[in-house]
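Asks: Quick one: structure below, then a few questions.
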Amino acid sequence: MLKTQTMKIKVTLIILVCFLCNALALAQFDSKLADSLTAKLKTLGQDTNRIKCLNELAFTIKYSNPKLAEEYCNEVLPLAEKLKFYRGLAFANKLKGILFDEKGNYPEAINSYMRSLSFSKKIDDKMATARTEANIGIVLRKLKKNRESINYFKRSYQFFANKNAMYEMIVLMNIGLSYIDLHVADSALLYEKWAFETMKKNNLEDPKVYGNLGLAYCEKKDFVSAEPLIKRCLEIEKEENAKPTSIAVWSMDLAFVYKNTNKTDAAIKLLEEVILVFGKDKYTYEATHCYNQLAGIYENKGDWKNAYRYHKILSQIKDTIYNSENSSQVNSLKEKYETEKKENEIKLLTADKATQEETLKKNRIIIYSGAVLTILIFLFAVLIYRSNRQKQKINKELVSKNILIESQKKEVEDQKELVEEKQKEILDSISYAKRLQQAILPPDNFITQFLPASFIYYRPKDIVAGDFYWMEVTEDKILIAAADCTGHGVPGAMVSVVCSNALNRTVKEMKITEPSKILDKVRELVVETFERSQSDVKDGMDISLISINKSTSSDNKITLQWAGANNPLWYYSESEMKEIKANKQPIGKTDQPLPFTTHKLSLNKGDSIYLFTDGYADQFGGPKGKKFKYKQLNDLLFANVSKSTNEQKEVLENNFLNWKGSLEQVDDVCIIGIKL
C-alpha cells in the first residue's frame, strides 16, 4: 500500500515538473517577442500598422496572457472599423474566437468566428475563410452540433483539397471525429483512413492521424486494431516533447481501449494521471471525457463511492460548459418578454381609454333614446353572439388544419433530412471512388521519364470519368493511348476500369505490342467480360493508340505504329498538320467486327503527335452557343505547335474555359500531345 502511494506521488511530481518546464520555456519565448512588439507599438500612430502590431502581439500572448490579448483585440476593433481595414477585423475577431474557445465559452467563440468569416469573405480571402470555417467546425463539434460541424469542415476541405496537404489532412481528421461523435462508424473510418493516406502520400508525420484512426476503429469496436495506433500516437507525441495536455488526451483514449480490453487497472492509472493535467477548472471539454470514463469504470467494478464522486465532478464541468449558452438564451428571452409586456400595457391603456369614451357615449344615447336604444343593444348583442359562434367554429377548423399542416411539414422535413444524408454518403463514396480510378492512370513522373516533352490535358465532366489515358513501356517500345469509354460519370468510370484492365493484360500478360493486334485482343477481352452478364451490354470504348520505337536510326528518324477505333491521329510534320483516320468501329460488341489496321510512320525529331477523345470538339460555347468542332481544334493546335508542351496545355485549358463560359461541360476531355 505504501509503495503504491509513493509511486502515485512520484508520477504526480514528474507530470507537474514536465508541465512547468514546458510552460516556463514557452513563457520566456512569448515574453521576448511580446516585449519587442510592445516597444514597437509605442512608435506607431493610429493606422493599419498599429492594427497589425496589436494583432500580432495578441496572437503571441493568447495563451500566456489571454486577458491582455483580449484587450488588444478590443483595441483593434473600433480602429479597424474606422479605417475599414477588414483584414485586421477578420484577424482580431478570429483571435477572440480562439480566446473564447480556450475559456470554454463556445457560443461567444462561434459569434466571433462568424464575424471573422464575414470580413474574410468581404475581402475574398479564401485561405482565411477556409481556416475560420474549420475553427467553427471544431467549436460546433464541442457543442455536440456535429451535423453542422461536418458542413463547415466540408466547405473548408473544398478549398484545401490538392492545395495544402497539411490542412487537407487536418480537416479530413475532424470530419472523421464528427462522425465518431455521431456514432456513424463507417463514415468515421472512411475519413480517418483518407486522412492517413493523405499523410503518407505527402510524406507528413502527424501523431494525431494515428490516434484518430485508432478512435475510428474504437467506434467499430475493433480495439485490437485501435491499440497500436493510439500507442504510436503517444510515442511520437512524447518524442516531440508535445504539451502535457496533448499527451493527456491520447492517454485518456488509450485508457478507453484498456477499459474495453479488460485492462481496468491500467485504464484507471492512466486516467488518474490525466486528471492531474486537466484538473476541474480548465480544459473542460477534454475533462468531461476523462471523468466520464472513470465514473463508468468504477460503476462496472461496483465501487459506487468513487463512481458517485466522479459523476458529481462531471456534472459540475458540464454546467460550466453550457452555462454561458443558457445564460445568453435566457437573457434573450427575458428581453423579448419585457418588450412584449410593455407593448401589451400600451395596448391595454389605449383599449381602456376607447372603452371609457364609448361608455360615455352610450350613456348619453341611453338617456336620450330610452327604450329604442335598449332594443338596438339587444339586437346588436344577438349579432355579436352569432358572429362569435361562427368565429369559434372557423377557429376550430383552422386549428385542425394547422395541426395537419404541421404534421405534413415535419414529415417533409424528415424526408428531406434523410435524402440529404443519403446524398452526402453517395458523394463521399463517389469522391473516394475518384481516388481509386486515379490509380489506373499512369503517374506524371512515369510519363515524363520516357516522354519528357509531352502534356496531358485531362478534364473529367463529373467527379469520376469515362475518359482515361494509358501508358506502358516494354523493352523497345513506348505505348500510350487516349481512350473514351461509353458514357461519363460513374457508369463511364466502371467501363474505363474494365477497358484499362484489358489493355494491361494484353500487353503485360500476352506480350502483344503491335497497336492493331492490341486493339483486336482488347475488344475480345471486353466483349468476353460483358457477355457474362445476362443483360445485352454493348458498352465499350473509342481509342487512339500509338507505339513509339525507343531506338532511332542514324538519320534521327523515329518509327511509330498507330491504330485507332473511331478516334484519329493528328501529327505535325514538314510544316503541316496531317491526319490518319481510324477504323470506324468501337472496342466492344458490334454486328460485323473487322480486324483493326496498323499504320506505320517515320517522323523526324521535333515533329509532334496528338491523341484525343471527342470531348473538346463537342463542347458547346462561344458567342452563339455552338460546338467547338474538330476544325477549330486542329487550327488551335497548329497555331501553337511551336510552343513548349506546357505552354500548349495552358493554351488548350484557357481556350476551353473561355469557349465554355457559363455553359455546362458536356463530356469528359482528354488530349495527349508529344513532341518527338
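Going through the C-alpha cells in order, the chains are called A, B, and so on, while each chain numbers its residues from 1 and the ligands are numbered from 1 in the order shown.
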Skipping near chain neighbours, those fewer than 2 positions away, what residues fall within 12 Å of A:Lys624 using only C-alpha atoms, listed as a list in words?
Replies: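 These residues fall inside the cut-off: Phe620, Gly621, Gly622, Lys626, Lys627, Phe628, Trp659, Lys660, Gly661 and Leu663 of chain A.
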Asks: Can you pull out the residues contacting A:Cys73? Cut-off 12 Å, using only C-alpha atoms, and skip same-chain residues under 2 positions away; I want them as a VMD selection string.
Replies: chain A and resid 50 to 59 61 to 62 66 to 71 75 to 80 88 to 99 112
Asks: Which is closer to A:Gln561 than all the others in A:Lys121, A:Lys477, A:Lys578, A:Lys361, using only C-alpha atoms?
Replies: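 Smallest separation from A:Gln561 among the options: A:Lys477.
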Asks: So that I can check the surroundings of A:Ala195, please list as a PDB file with N, CA and C atoms, in the first residue's frame every protein, DNA and RNA residue that reaches within 12 Å of it, counting only C-alpha atoms and ignoring chain neighbours fewer than 5 positions away.
Replies:
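Final file, selection.pdb:
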```pdb
ATOM      1  N   TYR A 157     -12.728  21.928 -46.595  1.00  0.00           N
ATOM      2  CA  TYR A 157     -11.971  20.943 -47.372  1.00  0.00           C
ATOM      3  C   TYR A 157     -11.967  21.281 -48.861  1.00  0.00           C
ATOM      4  N   ALA A 161      -8.292  21.010 -50.555  1.00  0.00           N
ATOM      5  CA  ALA A 161      -8.044  19.782 -51.322  1.00  0.00           C
ATOM      6  C   ALA A 161      -7.077  20.070 -52.470  1.00  0.00           C
ATOM      7  N   ALA A 165      -1.635  20.112 -48.320  1.00  0.00           N
ATOM      8  CA  ALA A 165      -1.791  18.745 -47.825  1.00  0.00           C
ATOM      9  C   ALA A 165      -1.984  18.701 -46.314  1.00  0.00           C
ATOM     10  N   MET A 166      -1.286  19.588 -45.580  1.00  0.00           N
ATOM     11  CA  MET A 166      -1.391  19.577 -44.119  1.00  0.00           C
ATOM     12  C   MET A 166      -2.815  19.899 -43.674  1.00  0.00           C
ATOM     13  N   TYR A 167      -3.368  21.011 -44.189  1.00  0.00           N
ATOM     14  CA  TYR A 167      -4.735  21.384 -43.804  1.00  0.00           C
ATOM     15  C   TYR A 167      -5.751  20.381 -44.336  1.00  0.00           C
ATOM     16  N   GLU A 168      -5.507  19.844 -45.532  1.00  0.00           N
ATOM     17  CA  GLU A 168      -6.400  18.819 -46.095  1.00  0.00           C
ATOM     18  C   GLU A 168      -6.492  17.633 -45.136  1.00  0.00           C
ATOM     19  N   MET A 169      -5.340  17.205 -44.624  1.00  0.00           N
ATOM     20  CA  MET A 169      -5.292  16.086 -43.689  1.00  0.00           C
ATOM     21  C   MET A 169      -6.016  16.424 -42.382  1.00  0.00           C
ATOM     22  N   ILE A 170      -5.806  17.650 -41.870  1.00  0.00           N
ATOM     23  CA  ILE A 170      -6.413  18.054 -40.598  1.00  0.00           C
ATOM     24  C   ILE A 170      -7.926  18.099 -40.716  1.00  0.00           C
ATOM     25  N   VAL A 171      -8.443  18.668 -41.819  1.00  0.00           N
ATOM     26  CA  VAL A 171      -9.895  18.773 -41.990  1.00  0.00           C
ATOM     27  C   VAL A 171     -10.522  17.387 -42.133  1.00  0.00           C
ATOM     28  N   LEU A 172      -9.868  16.504 -42.889  1.00  0.00           N
ATOM     29  CA  LEU A 172     -10.383  15.134 -43.027  1.00  0.00           C
ATOM     30  C   LEU A 172     -10.457  14.447 -41.662  1.00  0.00           C
ATOM     31  N   MET A 173      -9.427  14.669 -40.825  1.00  0.00           N
ATOM     32  CA  MET A 173      -9.446  14.097 -39.476  1.00  0.00           C
ATOM     33  C   MET A 173     -10.650  14.590 -38.688  1.00  0.00           C
ATOM     34  N   ASN A 174     -10.925  15.886 -38.757  1.00  0.00           N
ATOM     35  CA  ASN A 174     -12.030  16.457 -37.986  1.00  0.00           C
ATOM     36  C   ASN A 174     -13.391  15.981 -38.484  1.00  0.00           C
ATOM     37  N   ILE A 175     -13.528  15.778 -39.798  1.00  0.00           N
ATOM     38  CA  ILE A 175     -14.781  15.197 -40.311  1.00  0.00           C
ATOM     39  C   ILE A 175     -14.968  13.805 -39.721  1.00  0.00           C
ATOM     40  N   GLY A 176     -13.876  13.030 -39.706  1.00  0.00           N
ATOM     41  CA  GLY A 176     -13.945  11.697 -39.117  1.00  0.00           C
ATOM     42  C   GLY A 176     -14.329  11.739 -37.650  1.00  0.00           C
ATOM     43  N   LEU A 177     -13.771  12.709 -36.891  1.00  0.00           N
ATOM     44  CA  LEU A 177     -14.103  12.834 -35.467  1.00  0.00           C
ATOM     45  C   LEU A 177     -15.576  13.192 -35.268  1.00  0.00           C
ATOM     46  N   ALA A 188     -16.880   7.456 -40.307  1.00  0.00           N
ATOM     47  CA  ALA A 188     -15.737   7.861 -39.482  1.00  0.00           C
ATOM     48  C   ALA A 188     -14.457   7.164 -39.951  1.00  0.00           C
ATOM     49  N   LEU A 189     -14.549   5.837 -40.151  1.00  0.00           N
ATOM     50  CA  LEU A 189     -13.375   5.078 -40.576  1.00  0.00           C
ATOM     51  C   LEU A 189     -12.929   5.493 -41.975  1.00  0.00           C
ATOM     52  N   LEU A 190     -13.894   5.778 -42.873  1.00  0.00           N
ATOM     53  CA  LEU A 190     -13.578   6.211 -44.231  1.00  0.00           C
ATOM     54  C   LEU A 190     -12.730   7.480 -44.212  1.00  0.00           C
ATOM     55  N   LYS A 200       0.560   9.859 -45.543  1.00  0.00           N
ATOM     56  CA  LYS A 200       1.613   9.019 -46.106  1.00  0.00           C
ATOM     57  C   LYS A 200       1.994   9.469 -47.508  1.00  0.00           C
ATOM     58  N   LYS A 201       0.978   9.838 -48.316  1.00  0.00           N
ATOM     59  CA  LYS A 201       1.218  10.248 -49.701  1.00  0.00           C
ATOM     60  C   LYS A 201       2.106  11.480 -49.763  1.00  0.00           C
ATOM     61  N   ASN A 202       1.965  12.390 -48.815  1.00  0.00           N
ATOM     62  CA  ASN A 202       2.699  13.662 -48.833  1.00  0.00           C
ATOM     63  C   ASN A 202       3.890  13.679 -47.875  1.00  0.00           C
ATOM     64  N   LEU A 204       4.138  13.305 -44.705  1.00  0.00           N
ATOM     65  CA  LEU A 204       3.918  14.049 -43.474  1.00  0.00           C
ATOM     66  C   LEU A 204       3.969  13.088 -42.286  1.00  0.00           C
ATOM     67  N   GLU A 205       4.053  13.639 -41.095  1.00  0.00           N
ATOM     68  CA  GLU A 205       4.054  12.800 -39.889  1.00  0.00           C
ATOM     69  C   GLU A 205       3.333  13.556 -38.786  1.00  0.00           C
ATOM     70  N   ASP A 206       2.104  13.165 -38.523  1.00  0.00           N
ATOM     71  CA  ASP A 206       1.294  13.821 -37.502  1.00  0.00           C
ATOM     72  C   ASP A 206       0.753  12.736 -36.568  1.00  0.00           C
ATOM     73  N   PRO A 207       1.131  12.795 -35.286  1.00  0.00           N
ATOM     74  CA  PRO A 207       0.687  11.725 -34.376  1.00  0.00           C
ATOM     75  C   PRO A 207      -0.827  11.628 -34.276  1.00  0.00           C
ATOM     76  N   LYS A 208      -1.526  12.774 -34.436  1.00  0.00           N
ATOM     77  CA  LYS A 208      -2.993  12.745 -34.293  1.00  0.00           C
ATOM     78  C   LYS A 208      -3.652  11.885 -35.357  1.00  0.00           C
ATOM     79  N   VAL A 209      -3.004  11.733 -36.532  1.00  0.00           N
ATOM     80  CA  VAL A 209      -3.585  10.905 -37.597  1.00  0.00           C
ATOM     81  C   VAL A 209      -3.651   9.449 -37.135  1.00  0.00           C
ATOM     82  N   TYR A 210      -2.560   8.987 -36.491  1.00  0.00           N
ATOM     83  CA  TYR A 210      -2.577   7.627 -35.954  1.00  0.00           C
ATOM     84  C   TYR A 210      -3.666   7.492 -34.885  1.00  0.00           C
ATOM     85  N   GLY A 211      -3.682   8.485 -33.975  1.00  0.00           N
ATOM     86  CA  GLY A 211      -4.622   8.410 -32.862  1.00  0.00           C
ATOM     87  C   GLY A 211      -6.066   8.436 -33.309  1.00  0.00           C
ATOM     88  N   ASN A 212      -6.408   9.334 -34.245  1.00  0.00           N
ATOM     89  CA  ASN A 212      -7.796   9.442 -34.696  1.00  0.00           C
ATOM     90  C   ASN A 212      -8.239   8.217 -35.484  1.00  0.00           C
ATOM     91  N   LEU A 213      -7.307   7.624 -36.242  1.00  0.00           N
ATOM     92  CA  LEU A 213      -7.650   6.367 -36.926  1.00  0.00           C
ATOM     93  C   LEU A 213      -7.928   5.282 -35.890  1.00  0.00           C
ATOM     94  N   ALA A 216     -11.414   5.758 -34.659  1.00  0.00           N
ATOM     95  CA  ALA A 216     -12.405   5.256 -35.615  1.00  0.00           C
ATOM     96  C   ALA A 216     -12.559   3.742 -35.478  1.00  0.00           C
ATOM     97  N   TYR A 432     -14.384   9.056 -52.999  1.00  0.00           N
ATOM     98  CA  TYR A 432     -13.389   8.023 -52.705  1.00  0.00           C
ATOM     99  C   TYR A 432     -13.134   7.172 -53.949  1.00  0.00           C
TER     100      TYR A 432
END
```
Asks: Which neighbours of stretch 543-549 of chain A fall inside 8 Å, counting only C-alpha atoms, when residues of the same chain fewer than 6 positions from it are skipped, and could you give them as a PyMOL selection string?
Replies: chain A and resi 476-484+513-515+558-569+582+586-587+611-613
Asks: Return the single residue from A:Gln632, A:Ser178, A:Asn501, A:Ser315 that is closest to A:Asp618, with distances computed using only C-alpha atoms.
Replies: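 Using only C-alpha atoms, A:Asp618 sits closest to A:Gln632.
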Asks: Would you mind writing down, as a list in words, each residue of stretch 452-484 of chain A that DSSP on the backbone assigns to strand (DSSP E)?
Replies: Ser454, Phe455, Ile456, Tyr457, Tyr458, Arg459, Asp467, Phe468, Tyr469, Trp470, Met471, Glu472, Val473, Lys477, Ile478, Leu479, Ile480, Ala481, Ala482, Ala483 and Asp484 of chain A
Asks: Please return as a PyMOL selection string: the residues of stretch 27-270 of chain A that backbone DSSP assigns to helix (DSSP H, G or I).
Replies: chain A and resi 27-41+48-60+66-83+86-103+106-122+126-142+146-160+165-181+185-201+207-219+223-239+244-260+264-270
Asks: Please list as a PDB file with N, CA, C and O atoms, in the first residue's frame every residue within 8 Å of A:Lys649, counting only C-alpha atoms and excluding residues in the same chain fewer than 6 positions away.
Replies:
```pdb
ATOM      1  N   PHE A 455       2.467  16.548 -72.923  1.00  0.00           N
ATOM      2  CA  PHE A 455       1.469  17.061 -71.987  1.00  0.00           C
ATOM      3  C   PHE A 455       0.216  16.215 -72.076  1.00  0.00           C
ATOM      4  O   PHE A 455      -0.037  15.558 -73.094  1.00  0.00           O
ATOM      5  N   ILE A 456      -0.559  16.209 -70.986  1.00  0.00           N
ATOM      6  CA  ILE A 456      -1.873  15.550 -70.973  1.00  0.00           C
ATOM      7  C   ILE A 456      -2.869  16.547 -70.396  1.00  0.00           C
ATOM      8  O   ILE A 456      -2.764  16.944 -69.231  1.00  0.00           O
ATOM      9  N   TYR A 457      -3.812  16.980 -71.218  1.00  0.00           N
ATOM     10  CA  TYR A 457      -4.900  17.846 -70.737  1.00  0.00           C
ATOM     11  C   TYR A 457      -6.103  16.942 -70.468  1.00  0.00           C
ATOM     12  O   TYR A 457      -6.753  16.446 -71.389  1.00  0.00           O
TER      13      TYR A 457
END
```
Asks: So which residues touch stretch 415-430 of chain A within 10 Å, counting only C-alpha atoms, skipping near sequence neighbours fewer than 6 positions away, as number ranges by chain?
Replies: A: 147, 187, 190-191, 409, 436, 462-464, 489-490
Asks: For the residues in the current selection, export all heavy atoms as a compact mmCIF listing (two decimals), in the first residue's frame.
Replies:
```txt
# COMPACT_ATOMS: atom_id res chain seq x y z
N ARG A 147 -23.63 17.57 -37.01
CA ARG A 147 -24.10 17.70 -38.39
C ARG A 147 -23.67 19.05 -38.97
O ARG A 147 -23.20 19.14 -40.11
CB ARG A 147 -25.63 17.58 -38.44
CG ARG A 147 -26.15 16.20 -38.10
CD ARG A 147 -25.80 15.20 -39.16
NE ARG A 147 -26.28 13.86 -38.80
CZ ARG A 147 -25.90 12.76 -39.39
NH1 ARG A 147 -25.00 12.83 -40.36
NH2 ARG A 147 -26.37 11.59 -39.03
N SER A 187 -18.57 5.90 -41.88
CA SER A 187 -18.11 7.19 -42.40
C SER A 187 -16.88 7.67 -41.62
O SER A 187 -15.95 8.25 -42.19
CB SER A 187 -19.22 8.23 -42.32
OG SER A 187 -20.29 7.90 -43.18
N LEU A 190 -13.89 5.78 -42.87
CA LEU A 190 -13.58 6.21 -44.23
C LEU A 190 -12.73 7.48 -44.21
O LEU A 190 -11.68 7.56 -44.86
CB LEU A 190 -14.88 6.45 -45.01
CG LEU A 190 -14.74 7.10 -46.39
CD1 LEU A 190 -14.07 6.15 -47.37
CD2 LEU A 190 -16.09 7.52 -46.94
N TYR A 191 -13.16 8.51 -43.45
CA TYR A 191 -12.45 9.79 -43.46
C TYR A 191 -11.11 9.71 -42.72
O TYR A 191 -10.14 10.35 -43.12
CB TYR A 191 -13.33 10.89 -42.86
CG TYR A 191 -14.31 11.44 -43.85
CD1 TYR A 191 -15.64 11.00 -43.88
CD2 TYR A 191 -13.92 12.38 -44.80
CE1 TYR A 191 -16.54 11.50 -44.82
CE2 TYR A 191 -14.81 12.89 -45.72
CZ TYR A 191 -16.12 12.45 -45.73
OH TYR A 191 -17.01 12.94 -46.65
N LYS A 409 -45.66 19.01 -42.63
CA LYS A 409 -44.39 19.74 -42.73
C LYS A 409 -43.26 18.95 -42.07
O LYS A 409 -42.15 18.85 -42.60
CB LYS A 409 -44.54 21.10 -42.07
CG LYS A 409 -43.27 21.95 -42.11
CD LYS A 409 -43.48 23.27 -41.39
CE LYS A 409 -42.19 24.08 -41.34
NZ LYS A 409 -42.35 25.33 -40.57
N LEU A 436 -9.73 5.91 -56.35
CA LEU A 436 -9.47 4.56 -56.87
C LEU A 436 -9.28 4.60 -58.39
O LEU A 436 -8.41 3.92 -58.94
CB LEU A 436 -10.63 3.63 -56.51
CG LEU A 436 -10.89 3.45 -55.00
CD1 LEU A 436 -12.10 2.55 -54.78
CD2 LEU A 436 -9.66 2.83 -54.33
N ASP A 462 -17.53 14.96 -64.60
CA ASP A 462 -18.03 14.74 -63.24
C ASP A 462 -16.87 14.36 -62.33
O ASP A 462 -15.71 14.45 -62.73
CB ASP A 462 -19.11 13.64 -63.24
CG ASP A 462 -20.28 14.01 -64.15
OD1 ASP A 462 -20.80 15.13 -63.99
OD2 ASP A 462 -20.65 13.19 -65.01
N ILE A 463 -17.19 13.92 -61.12
CA ILE A 463 -16.14 13.55 -60.16
C ILE A 463 -15.29 12.41 -60.72
O ILE A 463 -14.08 12.39 -60.62
CB ILE A 463 -16.77 13.16 -58.80
CG1 ILE A 463 -17.52 14.36 -58.21
CG2 ILE A 463 -15.70 12.69 -57.83
CD1 ILE A 463 -18.27 14.04 -56.95
N VAL A 464 -15.96 11.39 -61.29
CA VAL A 464 -15.25 10.30 -61.96
C VAL A 464 -15.57 10.39 -63.45
O VAL A 464 -16.52 11.03 -63.86
CB VAL A 464 -15.64 8.93 -61.39
CG1 VAL A 464 -15.08 8.74 -60.00
CG2 VAL A 464 -17.15 8.76 -61.36
N GLY A 489 -19.19 9.97 -65.94
CA GLY A 489 -19.59 9.79 -64.55
C GLY A 489 -19.32 8.37 -64.08
O GLY A 489 -18.39 7.69 -64.55
N VAL A 490 -20.17 7.88 -63.15
CA VAL A 490 -19.95 6.55 -62.55
C VAL A 490 -20.01 5.43 -63.58
O VAL A 490 -19.15 4.56 -63.61
CB VAL A 490 -20.96 6.32 -61.40
CG1 VAL A 490 -20.83 4.90 -60.88
CG2 VAL A 490 -20.72 7.31 -60.27
```
Asks: Within 10 Å of A:Thr645, counting only C-alpha atoms, which residues qualify if same-chain residues fewer than 5 places away don't, as a ChimeraX atom specification?
Replies: /A:452-456,608,640,650-651,672-675
Asks: Generate the output file for the selected residues, N, CA, C and O atoms, as a PDB file, in the first residue's frame.
Replies:
```pdb
ATOM      1  N   PRO A 452       9.592  13.189 -71.975  1.00  0.00           N
ATOM      2  CA  PRO A 452       9.753  14.462 -71.250  1.00  0.00           C
ATOM      3  C   PRO A 452       9.065  15.644 -71.926  1.00  0.00           C
ATOM      4  O   PRO A 452       8.583  16.542 -71.271  1.00  0.00           O
ATOM      5  N   ALA A 453       9.034  15.643 -73.271  1.00  0.00           N
ATOM      6  CA  ALA A 453       8.378  16.747 -73.996  1.00  0.00           C
ATOM      7  C   ALA A 453       6.954  16.327 -74.353  1.00  0.00           C
ATOM      8  O   ALA A 453       6.652  15.968 -75.496  1.00  0.00           O
ATOM      9  N   SER A 454       6.087  16.313 -73.371  1.00  0.00           N
ATOM     10  CA  SER A 454       4.702  15.877 -73.604  1.00  0.00           C
ATOM     11  C   SER A 454       3.781  16.590 -72.625  1.00  0.00           C
ATOM     12  O   SER A 454       4.228  17.184 -71.648  1.00  0.00           O
ATOM     13  N   PHE A 455       2.467  16.548 -72.923  1.00  0.00           N
ATOM     14  CA  PHE A 455       1.469  17.061 -71.987  1.00  0.00           C
ATOM     15  C   PHE A 455       0.216  16.215 -72.076  1.00  0.00           C
ATOM     16  O   PHE A 455      -0.037  15.558 -73.094  1.00  0.00           O
ATOM     17  N   ILE A 456      -0.559  16.209 -70.986  1.00  0.00           N
ATOM     18  CA  ILE A 456      -1.873  15.550 -70.973  1.00  0.00           C
ATOM     19  C   ILE A 456      -2.869  16.547 -70.396  1.00  0.00           C
ATOM     20  O   ILE A 456      -2.764  16.944 -69.231  1.00  0.00           O
ATOM     21  N   SER A 608       5.519  16.596 -83.983  1.00  0.00           N
ATOM     22  CA  SER A 608       4.573  16.441 -82.866  1.00  0.00           C
ATOM     23  C   SER A 608       3.431  15.518 -83.260  1.00  0.00           C
ATOM     24  O   SER A 608       3.026  15.479 -84.438  1.00  0.00           O
ATOM     25  N   ASN A 640      -0.190  26.729 -82.344  1.00  0.00           N
ATOM     26  CA  ASN A 640       0.662  26.747 -81.149  1.00  0.00           C
ATOM     27  C   ASN A 640       1.669  25.601 -81.112  1.00  0.00           C
ATOM     28  O   ASN A 640       2.268  25.342 -80.073  1.00  0.00           O
ATOM     29  N   GLU A 650      -1.479  24.866 -71.505  1.00  0.00           N
ATOM     30  CA  GLU A 650      -2.092  26.057 -70.918  1.00  0.00           C
ATOM     31  C   GLU A 650      -3.021  26.736 -71.917  1.00  0.00           C
ATOM     32  O   GLU A 650      -4.114  27.188 -71.562  1.00  0.00           O
ATOM     33  N   VAL A 651      -2.605  26.796 -73.215  1.00  0.00           N
ATOM     34  CA  VAL A 651      -3.446  27.394 -74.256  1.00  0.00           C
ATOM     35  C   VAL A 651      -4.743  26.611 -74.401  1.00  0.00           C
ATOM     36  O   VAL A 651      -5.839  27.176 -74.492  1.00  0.00           O
ATOM     37  N   ILE A 672      -3.672  14.304 -75.561  1.00  0.00           N
ATOM     38  CA  ILE A 672      -2.259  13.993 -75.295  1.00  0.00           C
ATOM     39  C   ILE A 672      -1.432  14.585 -76.432  1.00  0.00           C
ATOM     40  O   ILE A 672      -1.716  14.335 -77.612  1.00  0.00           O
ATOM     41  N   GLY A 673      -0.428  15.386 -76.067  1.00  0.00           N
ATOM     42  CA  GLY A 673       0.483  15.937 -77.061  1.00  0.00           C
ATOM     43  C   GLY A 673       1.909  15.499 -76.764  1.00  0.00           C
ATOM     44  O   GLY A 673       2.350  15.546 -75.623  1.00  0.00           O
ATOM     45  N   ILE A 674       2.635  15.064 -77.813  1.00  0.00           N
ATOM     46  CA  ILE A 674       4.014  14.571 -77.638  1.00  0.00           C
ATOM     47  C   ILE A 674       4.888  15.201 -78.705  1.00  0.00           C
ATOM     48  O   ILE A 674       4.570  15.131 -79.907  1.00  0.00           O
ATOM     49  N   LYS A 675       5.985  15.830 -78.277  1.00  0.00           N
ATOM     50  CA  LYS A 675       6.974  16.355 -79.222  1.00  0.00           C
ATOM     51  C   LYS A 675       8.138  15.373 -79.246  1.00  0.00           C
ATOM     52  O   LYS A 675       8.754  15.090 -78.218  1.00  0.00           O
TER      53      LYS A 675
END
```
Asks: Restricting the calculation to only C-alpha atoms, which member of A:Leu594, A:Leu601, A:Ala134, A:Ile609 is positioned closest to A:Met577?
Replies: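 Smallest distance to A:Met577 is found for A:Ile609.
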Asks: For a test of reading the model, state the distance in Å between atom CA of A:Gly615 and atom CA of A:Cys485, rounded to one decimal.
Replies: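 A separation of 11.4 Å between them.
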